[in-house]
Each structure stands twice: as C-alpha cells, then as structure tokens.
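See below for target.cif, which holds mmCIF, C-alpha atoms.
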data_data
#
loop_
_atom_site.group_PDB
_atom_site.id
_atom_site.type_symbol
_atom_site.label_atom_id
_atom_site.label_comp_id
_atom_site.auth_asym_id
_atom_site.auth_seq_id
_atom_site.Cartn_x
_atom_site.Cartn_y
_atom_site.Cartn_z
ATOM 1 C CA MET A 595 11.357 8.571 -13.635
ATOM 2 C CA ARG A 596 11.289 5.607 -16.002
ATOM 3 C CA THR A 597 14.469 4.213 -14.453
ATOM 4 C CA ILE A 598 13.010 4.476 -10.956
ATOM 5 C CA LEU A 599 9.853 2.653 -11.971
ATOM 6 C CA SER A 600 11.670 -0.098 -13.816
ATOM 7 C CA SER A 601 13.990 -0.720 -10.866
ATOM 8 C CA ARG A 602 10.978 -0.959 -8.519
ATOM 9 C CA GLN A 603 12.857 0.910 -5.839
ATOM 10 C CA LEU A 604 9.781 1.867 -3.868
ATOM 11 C CA GLY A 605 9.810 1.996 -0.068
ATOM 12 C CA HIS A 606 7.038 2.682 2.391
ATOM 13 C CA VAL A 607 6.378 4.205 5.775
ATOM 14 C CA PHE A 608 3.374 3.161 7.834
ATOM 15 C CA ALA A 609 0.891 4.921 10.117
ATOM 16 C CA PRO A 610 -1.609 3.050 12.307
ATOM 17 C CA VAL A 611 -5.359 3.162 11.676
ATOM 18 C CA TRP A 612 -7.603 2.570 14.684
ATOM 19 C CA HIS A 613 -11.216 1.635 15.363
ATOM 20 C CA ALA A 614 -12.720 4.849 16.703
ATOM 21 C CA GLN A 615 -15.095 3.240 19.166
ATOM 22 C CA THR A 616 -12.786 0.688 20.771
ATOM 23 C CA GLY A 617 -9.220 1.860 20.171
ATOM 24 C CA ALA A 618 -8.401 -1.523 18.615
ATOM 25 C CA LEU A 619 -5.833 -1.547 15.812
ATOM 26 C CA PHE A 620 -7.422 -1.850 12.371
ATOM 27 C CA GLY A 621 -4.169 -1.946 10.427
ATOM 28 C CA PHE A 622 -1.574 0.295 8.814
ATOM 29 C CA ASP A 623 -1.812 2.999 6.197
ATOM 30 C CA ALA A 624 1.162 2.709 3.835
ATOM 31 C CA THR A 625 2.708 5.796 2.255
ATOM 32 C CA PRO A 626 5.062 4.927 -0.629
ATOM 33 C CA ARG A 627 8.435 6.675 -0.677
ATOM 34 C CA PHE A 628 11.152 6.358 -3.290
ATOM 35 C CA VAL A 629 14.672 5.631 -2.138
ATOM 36 C CA ASN A 630 15.967 8.755 -3.892
ATOM 37 C CA GLY A 631 13.822 10.979 -1.664
ATOM 38 C CA MET A 632 10.990 11.568 -4.159
ATOM 39 C CA SER A 633 7.628 11.630 -2.390
ATOM 40 C CA TRP A 634 4.607 9.701 -3.611
ATOM 41 C CA HIS A 635 2.893 12.902 -4.744
ATOM 42 C CA GLU A 636 5.970 13.935 -6.710
ATOM 43 C CA ALA A 637 6.103 10.503 -8.300
ATOM 44 C CA VAL A 638 2.424 10.723 -9.271
ATOM 45 C CA PHE A 639 2.991 14.142 -10.863
ATOM 46 C CA ALA A 640 5.997 12.849 -12.815
ATOM 47 C CA ALA A 641 4.202 9.674 -13.853
ATOM 48 C CA ARG A 642 1.191 11.682 -15.051
ATOM 49 C CA GLU A 643 3.456 13.845 -17.190
ATOM 50 C CA MET A 644 5.041 10.740 -18.731
ATOM 51 C CA GLY A 645 1.827 8.747 -19.088
ATOM 52 C CA GLU A 646 3.001 6.092 -16.614
ATOM 53 C CA LEU A 647 0.343 6.303 -13.913
ATOM 54 C CA GLY A 648 -0.750 2.732 -14.544
ATOM 55 C CA GLU A 649 2.778 1.450 -14.076
ATOM 56 C CA LEU A 650 3.224 3.462 -10.900
ATOM 57 C CA ALA A 651 -0.038 2.148 -9.452
ATOM 58 C CA SER A 652 0.880 -1.432 -10.320
ATOM 59 C CA LEU A 653 4.249 -0.970 -8.641
ATOM 60 C CA SER A 654 2.641 0.304 -5.453
ATOM 61 C CA LEU A 655 0.085 -2.511 -5.394
ATOM 62 C CA LEU A 656 2.677 -5.206 -5.943
ATOM 63 C CA SER A 657 4.788 -3.672 -3.196
ATOM 64 C CA ALA A 658 1.774 -3.859 -0.911
ATOM 65 C CA VAL A 659 1.622 -7.630 -1.091
ATOM 66 C CA ARG A 660 5.226 -8.286 -0.165
ATOM 67 C CA THR A 661 5.501 -10.865 2.573
ATOM 68 C CA GLY A 662 8.372 -9.137 4.382
ATOM 69 C CA TRP A 663 6.366 -6.447 6.175
ATOM 70 C CA GLN A 664 4.619 -8.692 8.702
ATOM 71 C CA LEU A 665 2.535 -5.865 10.146
ATOM 72 C CA PRO A 666 -0.620 -6.705 12.124
ATOM 73 C CA GLY A 667 -4.083 -5.937 10.805
ATOM 74 C CA ARG A 668 -5.042 -4.787 7.345
ATOM 75 C CA LEU A 669 -2.591 -3.045 5.086
ATOM 76 C CA LYS A 670 -3.895 0.021 3.247
ATOM 77 C CA VAL A 671 -1.900 1.241 0.259
ATOM 78 C CA PRO A 672 -2.679 3.841 -2.441
ATOM 79 C CA VAL A 673 -2.854 2.858 -6.091
ATOM 80 C CA GLY A 674 -4.225 6.091 -7.455
ATOM 81 C CA PRO A 675 -5.006 7.994 -9.408
ATOM 82 C CA ALA A 676 -6.595 4.802 -10.683
ATOM 83 C CA GLN A 677 -5.964 3.720 -14.230
ATOM 84 C CA ASP A 678 -7.616 1.130 -16.405
ATOM 85 C CA MET A 679 -4.904 -1.445 -15.904
ATOM 86 C CA ASP A 680 -4.916 -5.212 -15.802
ATOM 87 C CA CYS A 681 -3.891 -6.168 -12.265
ATOM 88 C CA ALA A 682 -2.272 -9.576 -11.932
ATOM 89 C CA LEU A 683 -1.863 -10.116 -8.198
ATOM 90 C CA PRO A 684 0.719 -12.706 -7.156
ATOM 91 C CA TRP A 685 -1.508 -15.186 -5.372
ATOM 92 C CA ASP A 686 1.374 -17.029 -3.753
ATOM 93 C CA ARG A 687 2.816 -13.825 -2.295
ATOM 94 C CA LEU A 688 -0.219 -12.116 -0.791
ATOM 95 C CA LEU A 689 0.584 -10.662 2.606
ATOM 96 C CA ARG A 690 -2.657 -12.042 3.993
ATOM 97 C CA LYS A 691 -5.551 -13.786 2.344
ATOM 98 C CA SER A 692 -9.216 -12.846 2.598
ATOM 99 C CA ARG A 693 -9.510 -9.082 2.285
ATOM 100 C CA GLU A 694 -6.533 -8.157 4.456
ATOM 101 C CA VAL A 695 -5.048 -5.810 1.840
ATOM 102 C CA VAL A 696 -6.924 -2.576 1.081
ATOM 103 C CA ILE A 697 -6.175 -0.442 -1.953
ATOM 104 C CA ASP A 698 -6.827 3.272 -1.589
ATOM 105 C CA VAL A 699 -8.001 5.134 -4.695
ATOM 106 C CA ASP A 700 -8.198 8.934 -4.956
ATOM 107 C CA LEU A 701 -11.085 9.800 -7.258
ATOM 108 C CA ALA A 702 -12.290 12.737 -9.261
ATOM 109 C CA LEU A 703 -15.571 12.581 -11.145
ATOM 110 C CA ASP A 704 -13.830 12.302 -14.527
ATOM 111 C CA GLY A 705 -11.863 9.288 -13.276
ATOM 112 C CA LEU A 706 -14.797 7.175 -12.165
ATOM 113 C CA GLU A 707 -15.148 5.306 -15.441
ATOM 114 C CA GLU A 708 -11.464 4.328 -15.459
ATOM 115 C CA ALA A 709 -11.452 3.407 -11.789
ATOM 116 C CA SER A 710 -14.546 1.222 -12.089
ATOM 117 C CA THR A 711 -13.190 -1.013 -14.852
ATOM 118 C CA ARG A 712 -10.516 -3.690 -14.780
ATOM 119 C CA THR A 713 -8.380 -2.272 -11.973
ATOM 120 C CA LEU A 714 -10.846 -2.382 -9.091
ATOM 121 C CA GLU A 715 -12.728 -5.416 -10.350
ATOM 122 C CA ALA A 716 -9.509 -7.420 -10.641
ATOM 123 C CA CYS A 717 -8.488 -6.401 -7.145
ATOM 124 C CA ARG A 718 -11.885 -7.181 -5.673
ATOM 125 C CA ALA A 719 -11.917 -10.574 -7.387
ATOM 126 C CA ALA A 720 -8.544 -11.285 -5.769
ATOM 127 C CA GLY A 721 -9.973 -10.590 -2.316
ATOM 128 C CA VAL A 722 -8.625 -7.063 -1.929
ATOM 129 C CA SER A 723 -10.810 -4.482 -0.180
ATOM 130 C CA ILE A 724 -11.486 -1.112 -1.828
ATOM 131 C CA ALA A 725 -11.096 2.271 -0.144
ATOM 132 C CA LEU A 726 -11.645 5.606 -1.837
ATOM 133 C CA SER A 727 -11.117 9.274 -1.246
ATOM 134 C CA ALA A 728 -13.600 11.453 -3.101
ATOM 135 C CA ARG A 729 -12.799 15.129 -3.653
ATOM 136 C CA ASP A 730 -16.365 16.379 -3.582
ATOM 137 C CA ALA A 731 -19.871 15.322 -2.550
ATOM 138 C CA GLN A 732 -21.054 14.631 -6.102
ATOM 139 C CA THR A 733 -18.154 12.286 -6.800
ATOM 140 C CA LEU A 734 -18.771 10.491 -3.520
ATOM 141 C CA ARG A 735 -22.458 9.924 -4.273
ATOM 142 C CA VAL A 736 -21.685 8.442 -7.675
ATOM 143 C CA ALA A 737 -18.762 6.378 -6.402
ATOM 144 C CA LEU A 738 -20.735 4.833 -3.538
ATOM 145 C CA THR A 739 -23.217 3.444 -6.035
ATOM 146 C CA ARG A 740 -20.861 2.509 -8.831
ATOM 147 C CA LEU A 741 -17.790 1.242 -6.991
ATOM 148 C CA ARG A 742 -19.263 -0.188 -3.778
ATOM 149 C CA PRO A 743 -16.220 0.671 -1.614
ATOM 150 C CA ASP A 744 -15.500 -1.010 1.696
ATOM 151 C CA ILE A 745 -13.967 2.163 3.196
ATOM 152 C CA VAL A 746 -14.339 5.881 2.491
ATOM 153 C CA ARG A 747 -11.501 8.135 3.654
ATOM 154 C CA MET A 748 -12.342 11.733 4.577
ATOM 155 C CA ASP A 749 -10.220 14.457 6.135
ATOM 156 C CA ALA A 750 -11.149 15.517 9.634
ATOM 157 C CA SER A 751 -11.671 19.118 8.490
ATOM 158 C CA ARG A 752 -14.406 18.035 6.056
ATOM 159 C CA LEU A 753 -16.254 16.045 8.700
ATOM 160 C CA ARG A 754 -16.382 19.073 10.974
ATOM 161 C CA GLY A 755 -18.443 20.926 8.371
ATOM 162 C CA ASP A 756 -22.213 21.268 8.267
ATOM 163 C CA ASP A 757 -22.613 18.299 5.914
ATOM 164 C CA GLY A 758 -20.351 15.977 7.915
ATOM 165 C CA ALA A 759 -23.192 14.037 9.537
ATOM 166 C CA ALA A 760 -25.048 13.728 6.229
ATOM 167 C CA THR A 761 -21.938 12.438 4.484
ATOM 168 C CA LEU A 762 -21.316 9.883 7.197
ATOM 169 C CA SER A 763 -24.919 8.690 6.980
ATOM 170 C CA ARG A 764 -24.587 8.334 3.200
ATOM 171 C CA VAL A 765 -21.417 6.262 3.601
ATOM 172 C CA HIS A 766 -23.009 3.980 6.187
ATOM 173 C CA ASP A 767 -26.155 3.540 4.093
ATOM 174 C CA ALA A 768 -23.892 2.259 1.313
ATOM 175 C CA GLY A 769 -22.438 -0.355 3.674
ATOM 176 C CA ALA A 770 -18.971 1.232 3.899
ATOM 177 C CA LEU A 771 -16.812 2.234 6.851
ATOM 178 C CA LEU A 772 -15.814 5.873 7.240
ATOM 179 C CA LEU A 773 -12.151 6.595 8.001
ATOM 180 C CA CYS A 774 -11.531 10.020 9.518
ATOM 181 C CA ASP A 775 -8.002 10.989 8.536
ATOM 182 C CA GLY A 776 -5.849 13.846 9.797
ATOM 183 C CA VAL A 777 -6.816 13.689 13.471
ATOM 184 C CA GLY A 778 -4.449 16.202 15.065
ATOM 185 C CA GLN A 779 -5.408 15.942 18.737
ATOM 186 C CA GLY A 780 -6.159 12.893 20.830
ATOM 187 C CA SER A 781 -9.186 14.587 22.353
ATOM 188 C CA ASP A 782 -10.737 14.847 18.862
ATOM 189 C CA VAL A 783 -11.090 11.072 18.691
ATOM 190 C CA THR A 784 -13.962 11.160 21.166
ATOM 191 C CA ALA A 785 -15.818 13.745 19.092
ATOM 192 C CA PHE A 786 -15.387 11.848 15.825
ATOM 193 C CA ALA A 787 -16.364 8.565 17.464
ATOM 194 C CA GLY A 788 -19.483 10.274 18.783
ATOM 195 C CA LEU A 789 -20.268 11.498 15.299
ATOM 196 C CA GLY A 790 -20.199 7.883 14.138
ATOM 197 C CA CYS A 791 -16.800 7.553 12.448
ATOM 198 C CA ASP A 792 -15.651 3.947 12.266
ATOM 199 C CA LEU A 793 -11.889 4.415 11.836
ATOM 200 C CA VAL A 794 -9.452 7.191 12.763
ATOM 201 C CA ALA A 795 -5.894 8.043 11.765
ATOM 202 C CA GLY A 796 -3.597 11.056 11.866
ATOM 203 C CA PRO A 797 -0.638 12.661 13.640
ATOM 204 C CA ALA A 798 -2.196 12.268 17.094
ATOM 205 C CA LEU A 799 -2.650 8.548 16.526
ATOM 206 C CA GLY A 800 0.770 7.605 15.209
ATOM 207 C CA ARG A 801 3.023 9.238 12.642
ATOM 208 C CA PRO A 802 4.373 7.247 9.666
ATOM 209 C CA ALA A 803 7.469 5.167 10.390
ATOM 210 C CA PRO A 804 9.350 2.281 8.737
ATOM 211 C CA ALA A 805 7.908 -1.177 9.269
ATOM 212 C CA ASP A 806 10.636 -2.341 11.633
ATOM 213 C CA ALA A 807 9.941 0.604 13.956
ATOM 214 C CA TRP A 808 6.457 -0.706 14.756
ATOM 215 C CA THR A 809 7.256 -2.941 17.691
ATOM 216 C CA PRO A 810 4.361 -4.153 19.884
ATOM 217 C CA ALA A 811 5.397 -1.599 22.513
ATOM 218 C CA ARG A 812 5.284 1.302 20.055
ATOM 219 C CA ILE A 813 1.936 0.183 18.681
ATOM 220 C CA GLY A 814 0.550 0.064 22.212
ATOM 221 C CA LEU A 815 1.760 3.582 22.986
ATOM 222 C CA SER A 816 0.356 5.156 19.809
ATOM 223 C CA TRP A 817 -3.251 5.414 20.981
ATOM 224 C CA PRO A 818 -3.318 8.855 22.676
ATOM 225 C CA PHE A 819 -4.055 9.192 26.354
ATOM 226 C CA GLY A 820 -6.342 12.110 25.529
ATOM 227 C CA ALA A 821 -8.758 9.850 23.690
ATOM 228 C CA SER A 822 -11.504 8.438 25.899
ATOM 229 C CA LEU A 823 -13.377 5.301 24.883
#
Output the file's structure in the form of structure tokens.
Amino acid sequence: MRTILSSRQLGHVFAPVWHAQTGALFGFDATPRFVNGMSWHEAVFAAREMGELGELASLSLLSAVRTGWQLPGRLKVPVGPAQDMDCALPWDRLLRKSREVVIDVDLALDGLEEASTRTLEACRAAGVSIALSARDAQTLRVALTRLRPDIVRMDASRLRGDDGAATLSRVHDAGALLLCDGVGQGSDVTAFAGLGCDLVAGPALGRPAPADAWTPARIGLSWPFGASL
C-alpha cells in the first residue's frame, strides 16, 4: 500500500452528472482506480489500517487537478474519508479556475470535526467547491450548518423514502444543490426532477469510463431517451 501511494499510480474513470431539469451536462464524477486493480474502497480500507488516509486523500485531490483530462464541466472527485490535512493545491496546474473542481467527502458524525478543519477550508479558499455524502439525517443536519456544502449527494433509494422531500427541502434551505445518485432507469429522471432534485447520475445516465472514451458523441448519447424534460 505504501509503495502504491508513494508512486502516485492512481487512475480514474468518469461518469457524467446531469442537471435534472434541463438535461444539460454538469460535469463528471471521478472514481479513482489503482493501476494494479485495487478499487478506491479497497484502497481506503488499506489506508485506514495503515493510518494513511490523509495521504490517500491528498493523492486523489492532486490527481483531480491534472490538466490532461480536459473534460467539460465540473470535475467531482472524492477525497474522503476526510482527514485533518494541510492541502496545498498547485495553483498553476488547476484544471479550471473558479470553482470548477468539486471535492466529494463522505461523512460520519464522528468525522465532522476533522472534515471541517484545514482540509475543507483550504480547498474552499482555493476556489474548490465542496460536496458531501452524509450517512444519516443527523449527520446531514449538522454538516449543512457547519460545513456549508455546495452539493449534497444522496442515493436514489433514500430519496424515495418518506423523508425524501423533507431532506431535499433541508438541503435547498441551506443553499446547496442535491445530487441524486444511482439512477437506474431513464424514466426515473422525470420523477426525481419533479421531486426537486437538481442533479442526477447513475447507470442509466452514463457508466464510468476512461477520460478518452468521452467523445462529444458519447456524451450526447448518454442522456437516456426514457427521460422526459
């Protein structure tokens, strides 16, 4: 694990994220993959065991600002679980200036203090937007106040529940966009847009692929025909 991190051999695949109401492309959701086949979740587990979560998150964030990707829209990349680390973003190598990179933090209630310190503040000061995934309603309520995210990611299955509308209202009241992830059928887009979701992503809206696979033609074909605007 230490050798992989030190060599910075981290690759990514990308899935499109769309505006639910218009079908316009918002950007791409990056999923880090190691060249040896280790998944991001496996890497997080190994890094947690070795106490190297901060290094892993820094590696992912620095990879997110490479200039070679040249993908349209915002680029959304995970840096979590967040650690209290000192982020030094390479200003001369940012993919795009002015809030075009979004870091995605997966939060639990016991991680809010760490996530709200130097890591997110340094990123926000550098013009990076903040997205978060909260595992429960209590964490989300606290995080909306304390971290002031730009985007909140929620799984489609959670938004179908009885408290889906209330959660969405809470997110909007905090001034954030709600990203509905895991959309499995194109016809579901209409329902989630009607509920008030701002952004949608999932298998029905484009599966992850390497950057060079996202030609303009493929991007144009990713919005499902079953989704009505």
Problem set entry | Reference answer for the PyMOL selection byres ((chain A and resi 807) around 12), as a ChimeraX atom specification | /A:607-610,663-665,800-806,808-813
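Shell of Arg754 in chain A at 12 Å, with all atoms listed in the file counted and residues fewer than 2 places along the chain excluded, is A:Met748, A:Asp749, A:Ala750, A:Ser751, A:Arg752, A:Asp756, A:Asp757, A:Gly758, A:Ala759, A:Ala760, A:Thr761, A:Leu762, A:Cys774, A:Asp775, A:Gly776, A:Val777, A:Asp782, A:Ala785, A:Phe786, A:Leu789, A:Cys791.
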For this session: Report the distance between CA of Val699 in chain A and CA of Asn630 in chain A in Å, rounded to one decimal place.
Result: 24.3 Å
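For the pair CA of Val794 in chain A and CA of Ala725 in chain A, the interatomic distance is 13.9 Å.
Comparing A:Glu636, A:Thr784, A:Val746, A:Gly621 by their smallest distance to Ala770 in chain A, the closest is A:Val746 (using all atoms listed in the file).
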Problem set entry | Between CA of Asp700 in chain A and CA of Ser727 in chain A - distance in Å to one decimal | 4.7 Å
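Take the candidates A:Arg627, A:His766, A:Lys670, A:His606 and check each one against Ser723 in chain A using all atoms listed in the file; the shortest distance goes to A:Lys670.
Applying the 10 Å criterion to (-11.7, -8.6, -2.3) in file coordinates and using all atoms listed in the file, one obtains the residues Lys691, Ser692, Arg693, Glu694, Val695, Val696, Ile697, Leu714, Glu715, Ala716, Cys717, Arg718, Ala719, Ala720, Gly721, Val722, Ser723, Ile724 and Asp744 of chain A.
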For this session: Extract, using all atoms listed in the file, all DNA, RNA and protein residues at most 10 Å from Trp634 in chain A, discarding same-chain residues fewer than 4 positions from it, and format them as a ChimeraX atom specification.
Result: /A:604-606,625-628,638-640,650,654,672
Please produce a file of those selected residues containing C-alpha atoms, as a compact mmCIF listing (two decimals), in the frame of the given file.
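Output (again19.txt):
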# COMPACT_ATOMS: atom_id res chain seq x y z
CA LEU A 604 9.78 1.87 -3.87
CA GLY A 605 9.81 2.00 -0.07
CA HIS A 606 7.04 2.68 2.39
CA THR A 625 2.71 5.80 2.26
CA PRO A 626 5.06 4.93 -0.63
CA ARG A 627 8.44 6.68 -0.68
CA PHE A 628 11.15 6.36 -3.29
CA VAL A 638 2.42 10.72 -9.27
CA PHE A 639 2.99 14.14 -10.86
CA ALA A 640 6.00 12.85 -12.82
CA LEU A 650 3.22 3.46 -10.90
CA SER A 654 2.64 0.30 -5.45
CA PRO A 672 -2.68 3.84 -2.44
Problem set entry | Residues returned when the PyMOL selection byres ((chain A and resi 742) around 9) runs on this file, as a count of residues only | 11
For this session: Would you please work out which residue, of A:Leu773, A:Asp623, A:Glu707, A:Gly788, is nearest to Thr733 in chain A when using all atoms listed in the file?
Result: A:Glu707
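Of the residues under consideration (A:Glu649, A:Glu643, A:Asp792, A:Asp730), A:Asp792 shows the shortest atom-to-atom contact distance to His613 in chain A when counting only C-alpha atoms.
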If I only want range 795-810 of chain A, can you write it with N, CA and C atoms, as a tab-separated table (two decimals), in the first residue's frame?
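Done, and the output landed in result_35.tsv:
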chain	number	residue	atom	x	y	z
A	795	ALA	N	-27.31	11.32	-11.53
A	795	ALA	CA	-26.22	10.49	-12.05
A	795	ALA	C	-26.58	9.04	-11.76
A	796	GLY	N	-25.94	8.13	-12.47
A	796	GLY	CA	-26.18	6.71	-12.23
A	796	GLY	C	-26.05	5.90	-13.50
A	797	PRO	N	-26.25	4.59	-13.41
A	797	PRO	CA	-26.05	3.70	-14.56
A	797	PRO	C	-26.88	4.08	-15.78
A	798	ALA	N	-28.10	4.59	-15.57
A	798	ALA	CA	-28.96	4.94	-16.70
A	798	ALA	C	-28.49	6.20	-17.41
A	799	LEU	N	-27.60	6.94	-16.77
A	799	LEU	CA	-27.19	8.24	-17.29
A	799	LEU	C	-25.72	8.27	-17.70
A	800	GLY	N	-25.11	7.11	-17.81
A	800	GLY	CA	-23.73	7.03	-18.23
A	800	GLY	C	-22.87	6.30	-17.22
A	801	ARG	N	-22.35	5.16	-17.62
A	801	ARG	CA	-21.48	4.39	-16.73
A	801	ARG	C	-20.05	4.93	-16.77
A	802	PRO	N	-19.27	4.71	-15.71
A	802	PRO	CA	-17.89	5.22	-15.69
A	802	PRO	C	-17.06	4.68	-16.83
A	803	ALA	N	-16.22	5.53	-17.40
A	803	ALA	CA	-15.34	5.15	-18.50
A	803	ALA	C	-14.09	6.02	-18.43
A	804	PRO	N	-12.99	5.58	-19.05
A	804	PRO	CA	-11.78	6.42	-19.08
A	804	PRO	C	-12.05	7.75	-19.77
A	805	ALA	N	-11.22	8.73	-19.46
A	805	ALA	CA	-11.44	10.08	-19.98
A	805	ALA	C	-11.48	10.11	-21.49
A	806	ASP	N	-10.59	9.38	-22.15
A	806	ASP	CA	-10.53	9.47	-23.61
A	806	ASP	C	-11.72	8.82	-24.29
A	807	ALA	N	-12.54	8.08	-23.54
A	807	ALA	CA	-13.74	7.47	-24.13
A	807	ALA	C	-14.88	8.48	-24.24
A	808	TRP	N	-14.79	9.60	-23.52
A	808	TRP	CA	-15.89	10.56	-23.50
A	808	TRP	C	-15.74	11.56	-24.64
A	809	THR	N	-16.03	11.07	-25.84
A	809	THR	CA	-16.08	11.94	-27.01
A	809	THR	C	-17.38	12.74	-26.96
A	810	PRO	N	-17.46	13.85	-27.72
A	810	PRO	CA	-18.73	14.61	-27.75
A	810	PRO	C	-19.92	13.74	-28.15
